[in-house]
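All remarks here apply to the structure that follows.
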Amino acid sequence: MNKRRSYLSFLVLLSFFVVLYFSFFLIRNKTSFFGKAFGKKADILVDAGSAFDLERSYVWKNLAQGGEENGRMLYPVVSKIKKISPDYIRIDHVFDYYEVVKGRENGRLILDWSNLDLTISDILAAGAKPFISLSYMPDGVSNGDVTDVPQNWADWEFLVRSLVEHISGKNGLAIPDVYYEVWNEPDLFGKFRTKGKKSYLDLYFYAHRGAVSAKNTLPFKIGGPAITSHYKNWLVDILNFASSNSLRFDFYSWHTYSPDLLKFESDVIEIEKVLLDKGWDKKLELIISEFGITGDNDKRYDTYFSAIHNLAVTALVEGKIDKLFTFEIKDGLGGEKYWGRWGILTHEKWGEPMEKPRYNSFEFLNKMKGYSVNTAGFGSWVRGFAKKEKNTIRLLIVNYDARNKNYEAVPVKFINLAPGNYVYSRFSFLESKEVARSNIVVGSSGVWQTTEFLDPNTAFIIELSPLTQAP
């Protein structure tokens, strides 16, 4: 009897520890069974009567090309870029890769913009405007390599002024509304800081002085710093420096490479808080001038996962920042066609550049036309935004889960609809077509609701389009 009691006690104790261990395992690893308790499910509300004009309404229509090769990188893919209708294309290495400095004459720099102009012409041919990262320090100007400070700041000032006059000048290329971003990832390329001997603030000061002294120009914007990630101290120090020196600081830019949406969200929340705390009453554009899953080569860049990440980040920041630049347009030259590079298009060495799934995400996003509409009720995995074009309402929803586990039944309620008959359509990103269609009736309450079922890492556009309108 005592043995049996001891044996049962042992089993109970063992069971307790097994359950305890299993519980901790689930919590630590956030499995689909236990992990969902730690996230918020979506319950979406769309106010169809709230359409308003928002300057930030097409945040995704911007692309960036890295310095994969010297020279005219975009030329082979201009027609494919034009097809997805970008507003801006960002380029860097404008001073070193395009060999603009040809020497000196009587102590003055001799400049040649002809190589850069070819890439500018490709940007314009793609239907976009240039977003210029003022980088890097060219031979004949640098005190060392391309990431060093200049031998004298007057050369840097002259270089920037000449570039602005050439691109934005009425007697130059005469392109309006160009963005000039001072440097590219200064905390990495050059190890600049906002204090000390090698200060980014010096780099900005003389670039700013050159830009604003440019003569006879069309409107343009200047800002930065395009740091590798948002850092609060960088933003605070630049705002203080711009205020104390009466400098223009038209936009704050940073880069984000992360599979975690919370990183994007927390950055924006902190930036808005800094601006509020400092009483920054000037209009300051917020720009993520490069983003992706990771800054390293990663095979996911060649798959649908990167496309869903693109859609999810866009849905998260739409209406919260001004511009989001997907990095990058075209792969560099690798040892094979698909090598986990960041491009949305493959390199022409392997034949006709191929469109990766992330390219197709822009075709999907471009369906979201019209004015912004107030929405609420997004969750930890399901994000989205809505647009109104005339009387047609579109809602993009994306279920993004880096662990590929979250299945979700999402309640969606539309309010303040005009009473009448509508066509309900549902378009799938993965299938690139309409996957559901039916006629619905909206009564005098102006309310209609449904439940949408989303597998992990899928995206849909729900469209309500009037069939007939009640008088």
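In the structure tokens, the first chain shown is A, the next is B, and so on; residue numbers restart at 1 for each chain, and ligands run from 1 in the order shown.
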Run DSSP on the backbone and tell me which residues of region 96-168 of chain A come out as strand (DSSP E or B); list them as a PDB file with N, CA and C atoms, in the first residue's frame.
ATOM      1  N   VAL A 101      34.205  64.240 -60.313  1.00  0.00           N
ATOM      2  CA  VAL A 101      35.347  65.139 -60.113  1.00  0.00           C
ATOM      3  C   VAL A 101      36.457  64.746 -61.080  1.00  0.00           C
ATOM      4  N   LYS A 102      36.825  65.679 -61.956  1.00  0.00           N
ATOM      5  CA  LYS A 102      37.829  65.403 -62.989  1.00  0.00           C
ATOM      6  C   LYS A 102      39.186  66.027 -62.694  1.00  0.00           C
ATOM      7  N   GLY A 103      39.260  66.810 -61.646  1.00  0.00           N
ATOM      8  CA  GLY A 103      40.521  67.452 -61.298  1.00  0.00           C
ATOM      9  C   GLY A 103      40.288  68.855 -60.796  1.00  0.00           C
ATOM     10  N   ARG A 104      41.315  69.693 -60.887  1.00  0.00           N
ATOM     11  CA  ARG A 104      41.231  71.083 -60.438  1.00  0.00           C
ATOM     12  C   ARG A 104      41.835  72.010 -61.484  1.00  0.00           C
ATOM     13  N   GLU A 105      41.350  73.209 -61.455  1.00  0.00           N
ATOM     14  CA  GLU A 105      41.909  74.254 -62.306  1.00  0.00           C
ATOM     15  C   GLU A 105      41.915  75.545 -61.491  1.00  0.00           C
ATOM     16  N   ARG A 108      40.132  75.245 -58.226  1.00  0.00           N
ATOM     17  CA  ARG A 108      38.687  75.001 -58.261  1.00  0.00           C
ATOM     18  C   ARG A 108      38.415  73.623 -58.862  1.00  0.00           C
ATOM     19  N   LEU A 109      37.469  72.903 -58.282  1.00  0.00           N
ATOM     20  CA  LEU A 109      37.133  71.576 -58.777  1.00  0.00           C
ATOM     21  C   LEU A 109      36.539  71.643 -60.184  1.00  0.00           C
ATOM     22  N   ILE A 110      36.956  70.716 -61.028  1.00  0.00           N
ATOM     23  CA  ILE A 110      36.364  70.565 -62.359  1.00  0.00           C
ATOM     24  C   ILE A 110      35.387  69.391 -62.282  1.00  0.00           C
ATOM     25  N   LEU A 111      34.124  69.642 -62.617  1.00  0.00           N
ATOM     26  CA  LEU A 111      33.073  68.641 -62.456  1.00  0.00           C
ATOM     27  C   LEU A 111      32.479  68.235 -63.804  1.00  0.00           C
ATOM     28  N   LYS A 129      10.906  60.666 -60.010  1.00  0.00           N
ATOM     29  CA  LYS A 129      11.825  61.775 -59.745  1.00  0.00           C
ATOM     30  C   LYS A 129      12.995  61.260 -58.911  1.00  0.00           C
ATOM     31  N   PRO A 130      14.140  61.922 -58.997  1.00  0.00           N
ATOM     32  CA  PRO A 130      15.302  61.453 -58.238  1.00  0.00           C
ATOM     33  C   PRO A 130      15.256  61.854 -56.766  1.00  0.00           C
ATOM     34  N   PHE A 131      15.686  60.929 -55.940  1.00  0.00           N
ATOM     35  CA  PHE A 131      15.917  61.147 -54.515  1.00  0.00           C
ATOM     36  C   PHE A 131      17.402  60.869 -54.328  1.00  0.00           C
ATOM     37  N   ILE A 132      18.176  61.905 -54.070  1.00  0.00           N
ATOM     38  CA  ILE A 132      19.632  61.827 -54.150  1.00  0.00           C
ATOM     39  C   ILE A 132      20.251  61.701 -52.760  1.00  0.00           C
ATOM     40  N   SER A 133      20.945  60.594 -52.540  1.00  0.00           N
ATOM     41  CA  SER A 133      21.750  60.456 -51.330  1.00  0.00           C
ATOM     42  C   SER A 133      23.119  61.066 -51.610  1.00  0.00           C
ATOM     43  N   LEU A 134      23.450  62.142 -50.921  1.00  0.00           N
ATOM     44  CA  LEU A 134      24.697  62.876 -51.162  1.00  0.00           C
ATOM     45  C   LEU A 134      25.865  62.079 -50.583  1.00  0.00           C
ATOM     46  N   SER A 142      38.229  63.938 -50.781  1.00  0.00           N
ATOM     47  CA  SER A 142      38.324  63.232 -49.507  1.00  0.00           C
ATOM     48  C   SER A 142      39.702  63.369 -48.881  1.00  0.00           C
ATOM     49  N   PRO A 150      36.151  65.679 -45.957  1.00  0.00           N
ATOM     50  CA  PRO A 150      36.931  66.299 -47.029  1.00  0.00           C
ATOM     51  C   PRO A 150      38.227  66.910 -46.504  1.00  0.00           C
TER      52      PRO A 150
END
*Give me the residues within 10 Å of Thr119 (chain A) as a PyMOL selection string, counting only C-alpha atoms and dropping any in the same chain fewer than 5 places off.*
chain A and resi 71-75+91+94+98+114+124-125+130
*Counting only C-alpha atoms, what is within 12 Å of Lys433 (chain A), bar same-chain residues fewer than 2 positions away, as a list in words?*
Glu363, Phe364, Lys367, Ser425, Arg426, Phe427, Ser428, Phe429, Leu430, Glu431, Val435, Ala436, Arg437, Ala459, Phe460, Ile461 and Ile462 of chain A
Can I get the selected residues back with C-alpha atoms, as a compact mmCIF listing (two decimals), in the first residue's frame?
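Below you can see result_0.txt, which holds the result:
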# COMPACT_ATOMS: atom_id res chain seq x y z
CA GLU A 363 1.24 45.72 -58.65
CA PHE A 364 -1.06 44.59 -55.85
CA LYS A 367 -4.82 48.64 -56.86
CA SER A 425 -15.09 41.16 -54.52
CA ARG A 426 -12.08 39.58 -52.92
CA PHE A 427 -8.70 39.58 -54.68
CA SER A 428 -5.88 37.31 -53.57
CA PHE A 429 -2.25 38.40 -53.77
CA LEU A 430 -0.90 34.87 -53.99
CA GLU A 431 -3.30 33.92 -56.77
CA VAL A 435 -11.22 34.71 -55.81
CA ALA A 436 -14.72 35.65 -54.62
CA ARG A 437 -17.59 37.73 -55.94
CA ALA A 459 -2.99 39.06 -48.32
CA PHE A 460 -6.29 40.09 -49.84
CA ILE A 461 -8.03 43.19 -51.13
CA ILE A 462 -11.74 43.38 -50.32
_Near-Ser213 (chain A) list (10 Å; only C-alpha atoms; drop same-chain fewer than 3 positions) as a list in words_ = Glu157, Phe158, Val160, Arg161, Ser162, Val164, Glu165, Ala207, His208, Arg209, Gly210, Asn216 and Thr217 of chain A
Contacts of Val77 (chain A) at 12 Å (only C-alpha atoms; same-chain gap of 5+ positions) as an mmCIF file with N, CA and C atoms, in the first residue's frame:
data_model
loop_
_atom_site.group_PDB
_atom_site.id
_atom_site.type_symbol
_atom_site.label_atom_id
_atom_site.label_comp_id
_atom_site.auth_asym_id
_atom_site.auth_seq_id
_atom_site.Cartn_x
_atom_site.Cartn_y
_atom_site.Cartn_z
ATOM 1 N N GLN A 65 17.895 52.072 -55.191
ATOM 2 C CA GLN A 65 18.906 51.218 -55.806
ATOM 3 C C GLN A 65 20.229 51.419 -55.099
ATOM 4 N N ARG A 72 25.488 52.942 -65.122
ATOM 5 C CA ARG A 72 24.072 53.000 -65.465
ATOM 6 C C ARG A 72 23.347 51.697 -65.103
ATOM 7 N N LYS A 82 8.912 51.283 -64.726
ATOM 8 C CA LYS A 82 7.806 52.168 -65.103
ATOM 9 C C LYS A 82 6.455 51.490 -64.903
ATOM 10 N N LYS A 83 6.425 50.187 -65.095
ATOM 11 C CA LYS A 83 5.176 49.431 -64.994
ATOM 12 C C LYS A 83 4.572 49.500 -63.595
ATOM 13 N N ILE A 84 5.402 49.680 -62.549
ATOM 14 C CA ILE A 84 4.869 49.735 -61.177
ATOM 15 C C ILE A 84 4.780 51.165 -60.645
ATOM 16 N N THR A 119 21.923 58.088 -65.552
ATOM 17 C CA THR A 119 21.054 57.452 -64.561
ATOM 18 C C THR A 119 19.859 58.332 -64.230
ATOM 19 N N ASP A 122 17.351 57.806 -66.828
ATOM 20 C CA ASP A 122 16.651 56.527 -66.654
ATOM 21 C C ASP A 122 15.565 56.636 -65.587
ATOM 22 N N ILE A 123 15.850 57.375 -64.510
ATOM 23 C CA ILE A 123 14.845 57.598 -63.467
ATOM 24 C C ILE A 123 13.641 58.333 -64.035
ATOM 25 N N ALA A 125 12.748 58.462 -67.194
ATOM 26 C CA ALA A 125 12.096 57.595 -68.177
ATOM 27 C C ALA A 125 11.191 56.570 -67.498
ATOM 28 N N ALA A 126 11.516 56.214 -66.254
ATOM 29 C CA ALA A 126 10.682 55.284 -65.493
ATOM 30 C C ALA A 126 9.471 55.974 -64.871
ATOM 31 N N ILE A 329 16.095 47.843 -56.243
ATOM 32 C CA ILE A 329 15.419 47.598 -57.513
ATOM 33 C C ILE A 329 15.965 46.356 -58.211
ATOM 34 N N LYS A 330 17.275 46.311 -58.410
ATOM 35 C CA LYS A 330 17.877 45.240 -59.210
ATOM 36 C C LYS A 330 19.012 44.580 -58.441
ATOM 37 N N ASP A 331 19.075 43.251 -58.535
ATOM 38 C CA ASP A 331 20.167 42.512 -57.912
ATOM 39 C C ASP A 331 21.525 42.958 -58.451
ATOM 40 N N GLY A 343 17.252 42.640 -54.573
ATOM 41 C CA GLY A 343 16.504 43.205 -55.686
ATOM 42 C C GLY A 343 15.107 42.630 -55.844
ATOM 43 N N ILE A 344 14.218 43.450 -56.388
ATOM 44 C CA ILE A 344 12.890 42.960 -56.788
ATOM 45 C C ILE A 344 12.941 42.435 -58.226
ATOM 46 N N LEU A 345 14.109 42.649 -58.883
ATOM 47 C CA LEU A 345 14.355 42.138 -60.232
ATOM 48 C C LEU A 345 15.730 41.476 -60.263
ATOM 49 N N THR A 346 15.877 40.448 -61.075
ATOM 50 C CA THR A 346 17.169 39.780 -61.207
ATOM 51 C C THR A 346 18.085 40.566 -62.140
ATOM 52 N N HIS A 347 19.360 40.208 -62.135
ATOM 53 C CA HIS A 347 20.356 40.890 -62.961
ATOM 54 C C HIS A 347 20.264 40.407 -64.411
ATOM 55 N N GLU A 348 20.545 41.341 -65.315
ATOM 56 C CA GLU A 348 20.420 41.037 -66.745
ATOM 57 C C GLU A 348 21.469 40.056 -67.259
ATOM 58 N N GLY A 351 19.980 36.835 -68.487
ATOM 59 C CA GLY A 351 18.896 36.966 -69.445
ATOM 60 C C GLY A 351 17.916 38.044 -69.038
ATOM 61 N N GLU A 352 16.735 37.998 -69.594
ATOM 62 C CA GLU A 352 15.699 38.985 -69.275
ATOM 63 C C GLU A 352 15.509 39.060 -67.762
ATOM 64 N N PRO A 353 15.675 40.264 -67.158
ATOM 65 C CA PRO A 353 15.472 40.378 -65.706
ATOM 66 C C PRO A 353 14.088 39.867 -65.299
ATOM 67 N N MET A 354 14.077 38.999 -64.314
ATOM 68 C CA MET A 354 12.834 38.380 -63.876
ATOM 69 C C MET A 354 12.253 39.112 -62.677
ATOM 70 N N GLU A 355 10.925 39.166 -62.647
ATOM 71 C CA GLU A 355 10.212 39.817 -61.560
ATOM 72 C C GLU A 355 10.074 38.851 -60.389
#
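You can rank A:Glu285, A:Trp60, A:Lys197, A:Trp381 by their closest distance to Asn310 (chain A) using only C-alpha atoms, and at the top of that list sits A:Trp60.
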Closest pair table for region 34-122 of chain A residues within 10 Å of region 387-404 of chain A, only C-alpha atoms, as JSON lines:
{"residue": "A:Ala42", "atom": "CA", "partner": "A:Asn399", "partner_atom": "CA", "distance": 9.8}
{"residue": "A:Ile44", "atom": "CA", "partner": "A:Ile397", "partner_atom": "CA", "distance": 9.5}
{"residue": "A:Val46", "atom": "CA", "partner": "A:Leu395", "partner_atom": "CA", "distance": 8.1}
{"residue": "A:Asp47", "atom": "CA", "partner": "A:Ile393", "partner_atom": "CA", "distance": 9.7}
{"residue": "A:Ala48", "atom": "CA", "partner": "A:Ile393", "partner_atom": "CA", "distance": 6.9}
{"residue": "A:Gly49", "atom": "CA", "partner": "A:Lys388", "partner_atom": "CA", "distance": 9.1}
{"residue": "A:Ser50", "atom": "CA", "partner": "A:Lys388", "partner_atom": "CA", "distance": 9.0}
{"residue": "A:Ala51", "atom": "CA", "partner": "A:Lys388", "partner_atom": "CA", "distance": 6.3}
{"residue": "A:Phe52", "atom": "CA", "partner": "A:Lys388", "partner_atom": "CA", "distance": 8.9}
{"residue": "A:Ser57", "atom": "CA", "partner": "A:Lys387", "partner_atom": "CA", "distance": 8.9}
Can I get the selected residues back with C-alpha atoms, as a PDB file, in the first residue's frame?
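So the final result, stored in result-v5.pdb, reads:
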ATOM      1  CA  ALA A  42      -7.935  41.663 -35.500  1.00  0.00           C
ATOM      2  CA  ILE A  44     -11.555  45.524 -38.250  1.00  0.00           C
ATOM      3  CA  VAL A  46     -13.821  50.616 -41.801  1.00  0.00           C
ATOM      4  CA  ASP A  47     -15.528  54.032 -41.802  1.00  0.00           C
ATOM      5  CA  ALA A  48     -16.594  54.399 -45.425  1.00  0.00           C
ATOM      6  CA  GLY A  49     -17.839  57.924 -44.786  1.00  0.00           C
ATOM      7  CA  SER A  50     -14.475  59.260 -43.632  1.00  0.00           C
ATOM      8  CA  ALA A  51     -12.509  59.626 -46.877  1.00  0.00           C
ATOM      9  CA  PHE A  52     -10.004  62.450 -46.624  1.00  0.00           C
ATOM     10  CA  SER A  57      -1.510  58.383 -49.046  1.00  0.00           C
TER      11      SER A  57
END
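Minimum atom-to-atom distances from A:Leu454, A:Ala128, A:Ile321, A:Ile175 to Ile269 (chain A) were compared using only C-alpha atoms, and the lowest value belongs to A:Ile321.
Interatomic distance, CA of Leu324 (chain A) to CA of Tyr252 (chain A): 12.1 Å.
When only C-alpha atoms are used to measure the gap to Gly384 (chain A), the shortest distance among A:Leu316, A:Leu247, A:Val447, A:Ala418 belongs to A:Leu316.
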